[in-house]
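S.K.: So I've got this file, input_36.txt, and it contains compact mmCIF, C-alpha atoms and all ligand atoms:
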```
# COMPACT_ATOMS: atom_id res chain seq x y z
CA MET L 1 0.00 0.00 0.00
CA ASN L 2 1.37 3.32 -1.03
CA THR L 3 1.22 5.58 2.00
CA ALA L 4 4.39 7.41 0.89
CA GLN L 5 2.32 9.29 -1.68
CA PHE L 6 0.83 11.25 1.23
CA ILE L 7 4.18 12.47 2.61
CA PRO L 8 4.81 15.90 1.08
CA SER L 9 8.19 16.08 -0.61
CA THR L 10 8.22 19.81 -1.32
CA LEU L 11 6.18 22.66 0.09
CA PRO L 12 7.37 25.56 -2.04
CA PHE L 13 5.40 28.35 -0.41
CA SER L 14 5.56 29.84 3.06
CA ILE L 15 2.63 31.22 5.04
CA GLU L 16 2.83 33.17 8.30
CA LYS L 17 -0.80 32.87 9.36
CA ALA L 18 -4.08 31.76 7.88
CA THR L 19 -7.56 30.64 8.91
CA TYR L 20 -9.64 28.05 7.05
CA THR L 21 -13.20 26.98 7.80
CA TRP L 22 -14.80 23.77 6.58
CA GLN L 23 -18.16 22.10 7.02
CA THR L 24 -18.07 18.32 6.79
CA PRO L 25 -20.95 15.88 7.28
CA SER L 26 -21.62 12.77 9.27
CA ASN L 27 -22.35 9.58 7.31
CA ILE L 28 -24.40 6.44 7.80
CA ALA L 29 -23.02 3.08 6.70
CA LEU L 30 -25.25 0.77 4.66
CA ILE L 31 -22.64 -2.00 4.65
CA LYS L 32 -20.94 -1.83 8.03
CA TYR L 33 -17.30 -1.64 8.98
CA TRP L 34 -16.78 -3.52 12.23
CA GLY L 35 -13.33 -4.98 12.79
CA LYS L 36 -9.97 -3.57 11.79
CA SER L 37 -6.25 -4.18 11.86
CA ASP L 38 -3.48 -1.73 12.58
CA PRO L 39 -3.25 1.14 11.48
CA GLN L 40 -7.00 1.57 10.97
CA ILE L 41 -7.19 -0.88 8.06
CA PRO L 42 -10.74 -2.25 7.71
CA LYS L 43 -11.33 -6.01 7.71
CA ASN L 44 -14.00 -5.53 5.04
CA ALA L 45 -15.10 -2.82 2.66
CA SER L 46 -18.03 -0.58 3.67
CA ILE L 47 -20.31 1.90 1.91
CA SER L 48 -22.23 4.83 3.34
CA PHE L 49 -24.64 7.57 2.48
CA THR L 50 -23.15 10.97 3.20
CA LEU L 51 -25.50 13.08 5.31
CA ASN L 52 -26.36 16.71 4.81
CA ASN L 53 -27.84 18.38 7.89
CA CYS L 54 -25.76 16.54 10.49
CA HIS L 55 -22.38 18.19 10.15
CA THR L 56 -19.47 19.81 11.95
CA ILE L 57 -18.12 23.26 11.17
CA THR L 58 -14.47 23.71 12.11
CA SER L 59 -12.10 26.55 11.58
CA ILE L 60 -8.40 26.36 12.27
CA ASN L 61 -6.33 29.44 12.78
CA PHE L 62 -2.69 28.58 11.93
CA VAL L 63 -0.06 30.93 13.33
CA LYS L 64 3.58 30.25 12.49
CA ARG L 65 5.69 29.52 15.56
CA VAL L 66 8.88 31.55 15.75
CA THR L 67 12.38 30.64 16.93
CA LEU L 68 11.68 27.10 17.99
CA SER L 69 14.09 25.21 20.22
CA ALA L 70 14.73 21.54 19.42
CA VAL L 71 12.30 20.49 22.18
CA GLU L 72 9.56 22.83 20.95
CA ARG L 73 10.11 21.59 17.43
CA SER L 74 9.10 18.10 18.52
CA GLN L 75 5.80 19.25 20.02
CA ILE L 76 2.47 19.87 18.33
CA THR L 77 0.65 22.77 19.97
CA PHE L 78 -3.00 23.65 19.69
CA GLU L 79 -5.97 25.09 21.57
CA LEU L 80 -9.41 23.62 21.20
CA PHE L 81 -12.75 25.40 21.50
CA PHE L 82 -16.01 23.52 21.12
CA GLU L 83 -19.15 25.60 20.67
CA GLY L 84 -17.31 28.67 21.91
CA GLU L 85 -15.81 27.12 25.05
CA LYS L 86 -12.36 25.79 25.70
CA LYS L 87 -12.61 21.98 25.82
CA GLU L 88 -9.69 20.31 27.55
CA ALA L 89 -11.66 17.05 27.69
CA PHE L 90 -11.57 16.67 23.88
CA LYS L 91 -7.86 17.38 23.59
CA PRO L 92 -6.44 13.86 24.11
CA LYS L 93 -8.38 12.48 21.12
CA ILE L 94 -7.21 15.35 18.90
CA SER L 95 -3.62 15.04 20.20
CA GLN L 96 -3.69 11.35 19.32
CA PHE L 97 -4.99 12.26 15.85
CA PHE L 98 -2.13 14.75 15.30
CA GLU L 99 0.38 12.14 16.50
CA ARG L 100 -0.95 9.65 13.95
CA ILE L 101 -0.84 12.08 11.04
CA LYS L 102 2.32 14.07 11.79
CA GLU L 103 4.41 12.00 9.37
CA TYR L 104 2.03 13.02 6.55
CA CYS L 105 1.61 16.64 7.65
CA PRO L 106 5.02 17.69 9.02
CA TYR L 107 3.89 21.32 8.78
CA VAL L 108 1.74 20.84 11.92
CA PHE L 109 4.94 21.32 13.93
CA GLU L 110 5.50 24.74 12.44
CA TYR L 111 2.20 26.29 13.47
CA HIS L 112 0.28 26.92 16.63
CA MET L 113 -3.30 25.91 15.85
CA ILE L 114 -6.45 27.39 17.34
CA ILE L 115 -9.31 25.06 16.55
CA ASN L 116 -12.93 26.18 16.81
CA SER L 117 -15.56 23.54 16.24
CA GLU L 118 -19.33 23.22 16.43
CA ASN L 119 -21.85 20.53 15.49
CA SER L 120 -25.23 21.08 13.86
CA PHE L 121 -26.62 18.29 16.03
CA PRO L 122 -26.77 18.23 19.84
CA HIS L 123 -23.45 17.06 21.25
CA SER L 124 -24.79 14.27 23.42
CA SER L 125 -27.34 13.00 20.91
CA GLY L 126 -25.69 9.63 20.39
CA ILE L 127 -24.81 10.72 16.85
CA ALA L 128 -21.14 9.99 16.40
CA SER L 129 -19.32 13.25 15.85
CA SER L 130 -15.93 11.69 15.20
CA ALA L 131 -16.57 11.22 11.45
CA SER L 132 -17.64 14.80 10.83
CA GLY L 133 -15.27 16.28 13.42
CA LEU L 134 -12.08 14.61 12.21
CA SER L 135 -12.87 15.04 8.52
CA ALA L 136 -13.34 18.79 9.13
CA ILE L 137 -9.90 19.06 10.75
CA ALA L 138 -8.45 17.04 7.87
CA MET L 139 -9.95 19.44 5.29
CA CYS L 140 -8.51 22.47 7.13
CA LEU L 141 -5.06 20.83 7.12
CA LEU L 142 -5.34 20.07 3.41
CA ASN L 143 -6.40 23.65 2.78
CA LEU L 144 -3.14 24.82 4.37
CA GLU L 145 -1.17 22.19 2.45
CA LYS L 146 -2.71 23.37 -0.83
CA GLU L 147 -1.56 26.93 -0.08
CA LEU L 148 1.92 25.64 0.71
CA ASN L 149 1.90 23.62 -2.51
CA PRO L 150 -0.63 24.94 -5.07
CA ASP L 151 0.08 22.06 -7.46
CA LEU L 152 -2.10 19.65 -5.46
CA SER L 153 -5.11 18.37 -7.42
CA GLU L 154 -8.63 18.24 -6.02
CA GLU L 155 -8.58 14.45 -6.32
CA PHE L 156 -5.39 14.23 -4.27
CA ILE L 157 -6.77 16.63 -1.66
CA ASN L 158 -9.93 14.56 -1.21
CA GLN L 159 -7.94 11.33 -1.03
CA LYS L 160 -5.47 12.67 1.47
CA ALA L 161 -8.16 14.30 3.63
CA SER L 162 -9.98 10.96 3.70
CA PHE L 163 -6.70 9.16 4.45
CA LEU L 164 -5.99 11.49 7.39
CA GLY L 165 -9.58 11.29 8.68
CA ARG L 166 -9.34 7.49 8.58
CA LEU L 167 -6.32 7.54 10.87
CA GLY L 168 -8.45 9.33 13.47
CA SER L 169 -11.67 7.34 13.07
CA GLY L 170 -12.26 4.81 10.29
CA SER L 171 -15.69 6.11 9.31
CA ALA L 172 -14.30 9.66 8.95
CA SER L 173 -12.72 8.45 5.69
CA ARG L 174 -16.28 8.38 4.25
CA SER L 175 -17.15 11.99 5.19
CA ILE L 176 -15.26 13.96 2.55
CA GLU L 177 -17.40 13.27 -0.52
CA GLY L 178 -20.91 12.08 -1.34
CA PRO L 179 -23.57 10.94 -1.98
CA LEU L 180 -22.23 7.35 -1.65
CA VAL L 181 -18.71 6.55 -0.51
CA VAL L 182 -16.87 3.21 -0.39
CA TRP L 183 -13.97 2.63 1.95
CA GLY L 184 -11.97 -0.60 1.79
CA LYS L 185 -10.47 -2.47 -1.14
CA HIS L 186 -13.13 -4.36 -3.03
CA PRO L 187 -12.75 -6.16 -6.36
CA LYS L 188 -16.07 -4.86 -7.71
CA ILE L 189 -15.42 -1.18 -6.89
CA GLU L 190 -12.90 0.41 -9.19
CA GLY L 191 -10.36 2.60 -7.41
CA SER L 192 -11.38 1.41 -3.93
CA SER L 193 -8.70 1.39 -1.25
CA ASP L 194 -8.14 0.41 2.36
CA LEU L 195 -6.36 3.73 2.84
CA PHE L 196 -9.11 6.18 1.94
CA GLY L 197 -12.74 6.44 0.88
CA VAL L 198 -13.74 6.89 -2.78
CA LYS L 199 -16.92 8.23 -4.26
CA PHE L 200 -19.05 5.33 -5.54
CA PRO L 201 -17.76 5.23 -9.12
CA TYR L 202 -20.90 4.05 -11.00
CA LYS L 203 -24.17 5.73 -11.93
CA VAL L 204 -26.72 5.57 -9.11
CA HIS L 205 -30.37 4.85 -10.01
CA SER L 206 -32.72 7.81 -9.66
CA VAL L 207 -34.78 6.17 -6.85
CA PHE L 208 -31.76 6.61 -4.60
CA GLU L 209 -31.28 10.26 -5.46
CA ASN L 210 -32.05 12.59 -2.60
CA TYR L 211 -32.72 9.66 -0.27
CA GLN L 212 -34.06 10.71 3.12
CA ASP L 213 -32.66 9.74 6.55
CA THR L 214 -34.50 10.69 9.71
CA ILE L 215 -32.47 9.95 12.81
CA LEU L 216 -34.60 8.94 15.78
CA LEU L 217 -32.87 9.86 19.04
CA VAL L 218 -33.70 6.87 21.20
CA ASP L 219 -30.89 7.25 23.68
CA LYS L 220 -28.78 10.34 23.93
CA GLY L 221 -26.48 9.11 26.71
CA GLU L 222 -22.87 8.05 26.50
CA LYS L 223 -22.48 4.60 24.91
CA GLN L 224 -21.62 1.83 27.36
CA VAL L 225 -19.07 0.32 24.98
CA SER L 226 -17.06 2.51 22.60
CA SER L 227 -16.50 1.68 18.93
CA THR L 228 -12.80 1.19 19.66
CA VAL L 229 -13.58 -1.53 22.22
CA GLY L 230 -16.21 -3.05 19.89
CA HIS L 231 -13.81 -3.23 16.92
CA ASN L 232 -11.17 -4.86 19.12
CA LEU L 233 -13.59 -7.56 20.27
CA MET L 234 -13.74 -8.73 16.64
CA TYR L 235 -10.15 -10.03 16.98
CA LYS L 236 -11.17 -13.18 18.83
CA HIS L 237 -14.76 -13.26 17.66
CA PRO L 238 -15.88 -16.78 16.59
CA TYR L 239 -17.88 -15.47 13.60
CA ALA L 240 -15.51 -12.71 12.51
CA GLU L 241 -14.07 -14.28 9.36
CA GLN L 242 -17.50 -15.26 8.07
CA ARG L 243 -18.80 -11.77 8.81
CA PHE L 244 -16.00 -10.07 6.86
CA LEU L 245 -16.74 -12.32 3.85
CA GLN L 246 -20.46 -11.63 4.13
CA ALA L 247 -19.94 -7.85 4.25
CA ASN L 248 -17.86 -7.94 1.07
CA GLU L 249 -20.48 -10.12 -0.65
CA ASN L 250 -23.21 -7.73 0.50
CA LEU L 251 -21.27 -4.80 -0.89
CA ALA L 252 -20.99 -6.50 -4.30
CA LYS L 253 -24.79 -7.01 -4.26
CA LEU L 254 -25.53 -3.49 -3.02
CA SER L 255 -23.34 -2.02 -5.74
CA GLU L 256 -25.60 -3.68 -8.36
CA ILE L 257 -28.75 -2.69 -6.46
CA VAL L 258 -27.97 1.02 -6.24
CA GLN L 259 -27.34 0.97 -9.97
CA ASN L 260 -30.45 -1.00 -10.99
CA GLY L 261 -32.86 0.58 -8.47
CA ASP L 262 -34.14 -2.66 -6.86
CA ILE L 263 -35.38 -1.01 -3.69
CA ASP L 264 -36.77 -4.21 -2.09
CA ALA L 265 -33.34 -5.83 -2.39
CA PHE L 266 -31.84 -2.62 -0.93
CA ILE L 267 -34.12 -2.84 2.10
CA ASN L 268 -33.24 -6.50 2.64
CA ILE L 269 -29.48 -5.94 2.64
CA VAL L 270 -29.51 -2.68 4.61
CA GLU L 271 -31.67 -4.02 7.44
CA SER L 272 -29.74 -7.29 7.54
CA GLU L 273 -26.45 -5.37 7.82
CA ALA L 274 -27.80 -3.32 10.75
CA LEU L 275 -28.96 -6.40 12.62
CA THR L 276 -25.77 -8.30 11.81
CA LEU L 277 -23.66 -5.46 13.26
CA HIS L 278 -25.59 -5.74 16.51
CA ALA L 279 -25.48 -9.55 16.36
CA MET L 280 -21.67 -9.25 16.36
CA MET L 281 -21.95 -7.22 19.56
CA LEU L 282 -24.33 -9.74 21.16
CA THR L 283 -21.94 -12.58 20.33
CA SER L 284 -18.69 -10.84 21.34
CA ASN L 285 -16.93 -11.88 24.53
CA PRO L 286 -17.54 -9.92 26.69
CA TYR L 287 -20.96 -9.54 25.05
CA PHE L 288 -22.85 -6.27 25.07
CA ILE L 289 -26.08 -4.69 23.86
CA LEU L 290 -26.29 -1.15 22.51
CA MET L 291 -29.91 -1.33 21.37
CA LYS L 292 -32.59 -0.20 23.82
CA PRO L 293 -36.15 -1.52 24.15
CA ASN L 294 -37.37 1.42 22.05
CA THR L 295 -34.93 0.54 19.27
CA LEU L 296 -36.82 -2.76 18.89
CA GLU L 297 -40.22 -1.09 19.23
CA ILE L 298 -39.29 1.23 16.34
CA ILE L 299 -38.06 -1.62 14.16
CA ASN L 300 -41.34 -3.48 14.70
CA GLU L 301 -43.38 -0.35 13.93
CA ILE L 302 -41.42 0.16 10.71
CA TRP L 303 -42.05 -3.45 9.64
CA LYS L 304 -45.73 -3.10 10.47
CA PHE L 305 -46.07 0.17 8.53
CA ARG L 306 -44.25 -1.31 5.54
CA GLY L 307 -46.49 -4.38 5.60
CA GLU L 308 -49.68 -2.33 5.84
CA THR L 309 -48.90 0.47 3.40
CA GLY L 310 -46.39 -0.96 0.91
CA SER L 311 -44.01 1.88 1.81
CA LYS L 312 -40.32 1.44 0.96
CA ILE L 313 -39.26 2.70 4.38
CA CYS L 314 -36.44 0.80 6.11
CA PHE L 315 -34.02 1.26 8.99
CA THR L 316 -30.38 1.03 9.78
CA LEU L 317 -28.41 1.37 13.02
CA ASP L 318 -24.92 2.46 13.86
CA ALA L 319 -23.08 1.51 17.02
CA GLY L 320 -25.79 2.81 19.34
CA ALA L 321 -29.50 2.78 20.13
CA ASN L 322 -30.61 5.48 17.67
CA VAL L 323 -32.44 4.43 14.53
CA HIS L 324 -31.81 5.85 11.06
CA VAL L 325 -35.05 5.72 9.06
CA LEU L 326 -34.31 5.59 5.32
CA TYR L 327 -36.91 6.29 2.62
CA PRO L 328 -37.19 7.62 -0.92
CA LYS L 329 -37.88 11.31 -1.51
CA ASN L 330 -41.30 10.65 -3.05
CA GLU L 331 -42.50 9.19 0.27
CA LYS L 332 -41.37 12.15 2.31
CA GLU L 333 -44.77 13.45 3.29
CA LYS L 334 -46.28 10.08 4.14
CA VAL L 335 -43.26 8.87 6.15
CA ASN L 336 -42.78 12.16 7.98
CA HIS L 337 -46.36 11.92 9.14
CA PHE L 338 -45.75 8.36 10.38
CA ILE L 339 -42.60 9.50 12.19
CA GLU L 340 -44.38 12.40 13.88
CA GLU L 341 -47.47 10.38 14.82
CA THR L 342 -45.92 7.07 15.82
CA LEU L 343 -42.13 6.73 15.87
CA SER L 344 -41.40 9.97 17.75
CA ASN L 345 -43.18 8.47 20.79
CA TYR L 346 -40.24 6.09 21.19
CA CYS L 347 -37.64 8.88 21.09
CA GLN L 348 -36.13 10.64 24.08
CA LYS L 349 -38.15 13.85 24.49
CA ASN L 350 -39.76 13.02 21.12
CA GLN L 351 -36.57 14.17 19.38
CA TYR L 352 -35.51 13.28 15.87
CA ILE L 353 -33.52 14.95 13.09
CA PHE L 354 -34.66 15.13 9.48
CA ASP L 355 -31.74 14.65 7.16
CA ASN L 356 -31.08 13.68 3.58
CA ILE L 357 -28.19 12.58 1.47
CA GLY L 358 -25.48 15.18 0.92
CA LEU L 359 -22.43 15.76 -1.21
CA GLY L 360 -19.62 16.06 1.33
CA ALA L 361 -17.18 18.68 2.55
CA LYS L 362 -17.81 22.38 1.88
CA LYS L 363 -15.44 25.28 2.30
CA LEU L 364 -17.06 28.18 4.15
O1 LIG L 401 -15.31 4.89 12.73
P1 LIG L 401 -15.55 4.13 13.98
O2 LIG L 401 -14.28 3.54 14.51
O3 LIG L 401 -16.29 4.93 15.01
O4 LIG L 401 -16.48 2.88 13.64
C1 LIG L 401 -17.72 3.01 13.04
C2 LIG L 401 -18.47 1.77 13.09
C3 LIG L 401 -19.91 1.81 12.62
O5 LIG L 401 -20.44 3.11 12.69
C4 LIG L 401 -20.72 0.93 13.54
C5 LIG L 401 -20.05 1.27 11.21
C6 LIG L 401 -19.59 2.12 10.09
O6 LIG L 401 -19.18 1.55 9.07
O7 LIG L 401 -19.69 3.36 10.19
```
Before we go any further, please render this structure as structure tokens.
M.R.:
Amino acid sequence: MNTAQFIPSTLPFSIEKATYTWQTPSNIALIKYWGKSDPQIPKNASISFTLNNCHTITSINFVKRVTLSAVERSQITFELFFEGEKKEAFKPKISQFFERIKEYCPYVFEYHMIINSENSFPHSSGIASSASGLSAIAMCLLNLEKELNPDLSEEFINQKASFLGRLGSGSASRSIEGPLVVWGKHPKIEGSSDLFGVKFPYKVHSVFENYQDTILLVDKGEKQVSSTVGHNLMYKHPYAEQRFLQANENLAKLSEIVQNGDIDAFINIVESEALTLHAMMLTSNPYFILMKPNTLEIINEIWKFRGETGSKICFTLDAGANVHVLYPKNEKEKVNHFIEETLSNYCQKNQYIFDNIGLGAKKL
């Protein structure tokens, strides 16, 4: 794997100070990534819808450090503000991210960075903010790198931003572009890589255009088991190898489905993937459950509604209790009514977020 391509050889320009602001989205996997090897290499390929309304806005103010001693030169310095307040608690995760990427962005040593970040969704909503948060930092870094070396192409910038995001949180690799992104080498997806996410390279059927995703906030508390712990439990998991094969087979099928518009087959694979992800958690050792009783209530209501009305509504889950309700644009009115009348009753404080499929990172 060619990681050397991401180490800058020359940075012809010099910049004293600059501020860049980027908005990057969250994403929801249709084929799930669960299990990895070092350094953040997925055990199977995954594909996600990029979201639109759930995003992070981050600006980084880079100020060149002057007269550095040898000790200072070996330290990365930054301040972190989240929603206007200094957040020491978030610093270790960001420090770890900078440690992982410093080889690829040696210029981080030369600047003091003031990072300001905010999410469009409530912080403790159970919506993972690592994908949008880390991809936003990655885009700001690439913005600086582009100014230091204007020869960089847009394709390279997207690849490298995804590559950096991946080193912080695997799913962040899928938050740079949209509407569908594949991460992980797969024989049926041209250009796919374990190192970064790529835009789904084939034409998507019109039924999947502008797909809707309403996120039902079932449990807004801190997860009992983090993704990092969950991924690690796949190392000794008795069904792991079979699961990785199945995910890659499902991705081959889903690739055909999103091209030919077979929405029933889409529903079947997407719901099966969600339940399989949670089945891996139930059968890990130690075992754990991230779904809540209302997660199951919602799933049953969705199945009932689909059976009674012929709607093409379906659900998926990430590593938590919240439910992502997926449906085609032409059912928006009908499904929104169902969500308001029925599904919202299973949400904490009746809260949910209407979202739809988006196109990825935006410079502000
Ligand atoms: O990116 P991580 O390490 O938080 O893992 C994400 C795992 C899932 O959200 C459950 C699945 C996925 O592919 O996004």
S.K.: 9 Å from ligand LIG 401 (chain L) is the threshold here; counting all atoms listed in the file, which polymer residues fall inside it? Answer as JSON, numbers by chain.
M.R.: {"L": [27, 28, 29, 30, 31, 32, 33, 34, 35, 36, 40, 45, 46, 47, 48, 128, 129, 130, 131, 166, 168, 169, 170, 171, 172, 173, 174, 183, 226, 227, 228, 230, 231, 274, 277, 278, 317, 318, 319, 320]}
S.K.: Measuring atom to atom with all atoms listed in the file, identify which of L:Asn285, L:Leu80, L:Ser344, L:Glu271 is nearest to L:Val229.
M.R.: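 Of all the options, L:Asn285 lies closest to L:Val229.
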S.K.: For a test of reading the model, state the distance in Å between atom CA of L:Glu110 and atom CA of L:Thr67, rounded to one decimal.
M.R.: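 Atom CA of L:Thr67 lies at a distance of 10.1 Å from atom CA of L:Glu110.
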S.K.: What does the distance from atom CA of L:Leu296 to atom CA of L:His324 come to in Å, to one decimal?
M.R.: 12.7 Å
S.K.: Enter the distance from atom CA of L:Glu190 to atom CA of L:Ser175, in Å, rounded to one decimal.
M.R.: 18.9 Å
S.K.: Counting only C-alpha atoms, figure out which residue out of L:Leu152, L:Leu290, L:Val258, L:Leu245 gets nearest to L:Val204.
M.R.: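 Among the listed residues, the smallest separation from L:Val204 belongs to L:Val258.
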S.K.: Select, from L:Asp38, L:Asp194, L:Glu88, L:Glu99, the residue with the minimum atom-to-atom distance to L:Val182, counting only C-alpha atoms.
M.R.: L:Asp194
S.K.: Under the rule that only C-alpha atoms are counted, which of L:Val323, L:Leu51, L:Cys140, L:Cys105 is the nearest residue to L:Gln5?
M.R.: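 Looking only at the distances to L:Gln5, the closest residue turns out to be L:Cys105.
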S.K.: Taking into account only C-alpha atoms, which residue in the set L:Met280, L:Leu217, L:Ile339, L:Ile289 is nearest to L:Pro238?
M.R.: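 Of the candidates, the smallest distance to L:Pro238 is held by L:Met280.
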S.K.: From the set L:Lys312, L:His237, L:Lys160, L:Lys93, which residue has the shortest atom-to-atom contact distance to L:Val207, counting all atoms listed in the file?
M.R.: L:Lys312
S.K.: Once 8 Å is added on each side, what are the centre and the three edge lengths, in Å to one decimal, of the axis-aligned box enclosing the listed atoms of stretch 14-21 of chain L? Present them as lines of an AutoDock Vina configuration file.
M.R.:
```
center_x = -3.8
center_y = 30.1
center_z = 6.2
size_x = 34.8
size_y = 22.2
size_z = 22.3
```
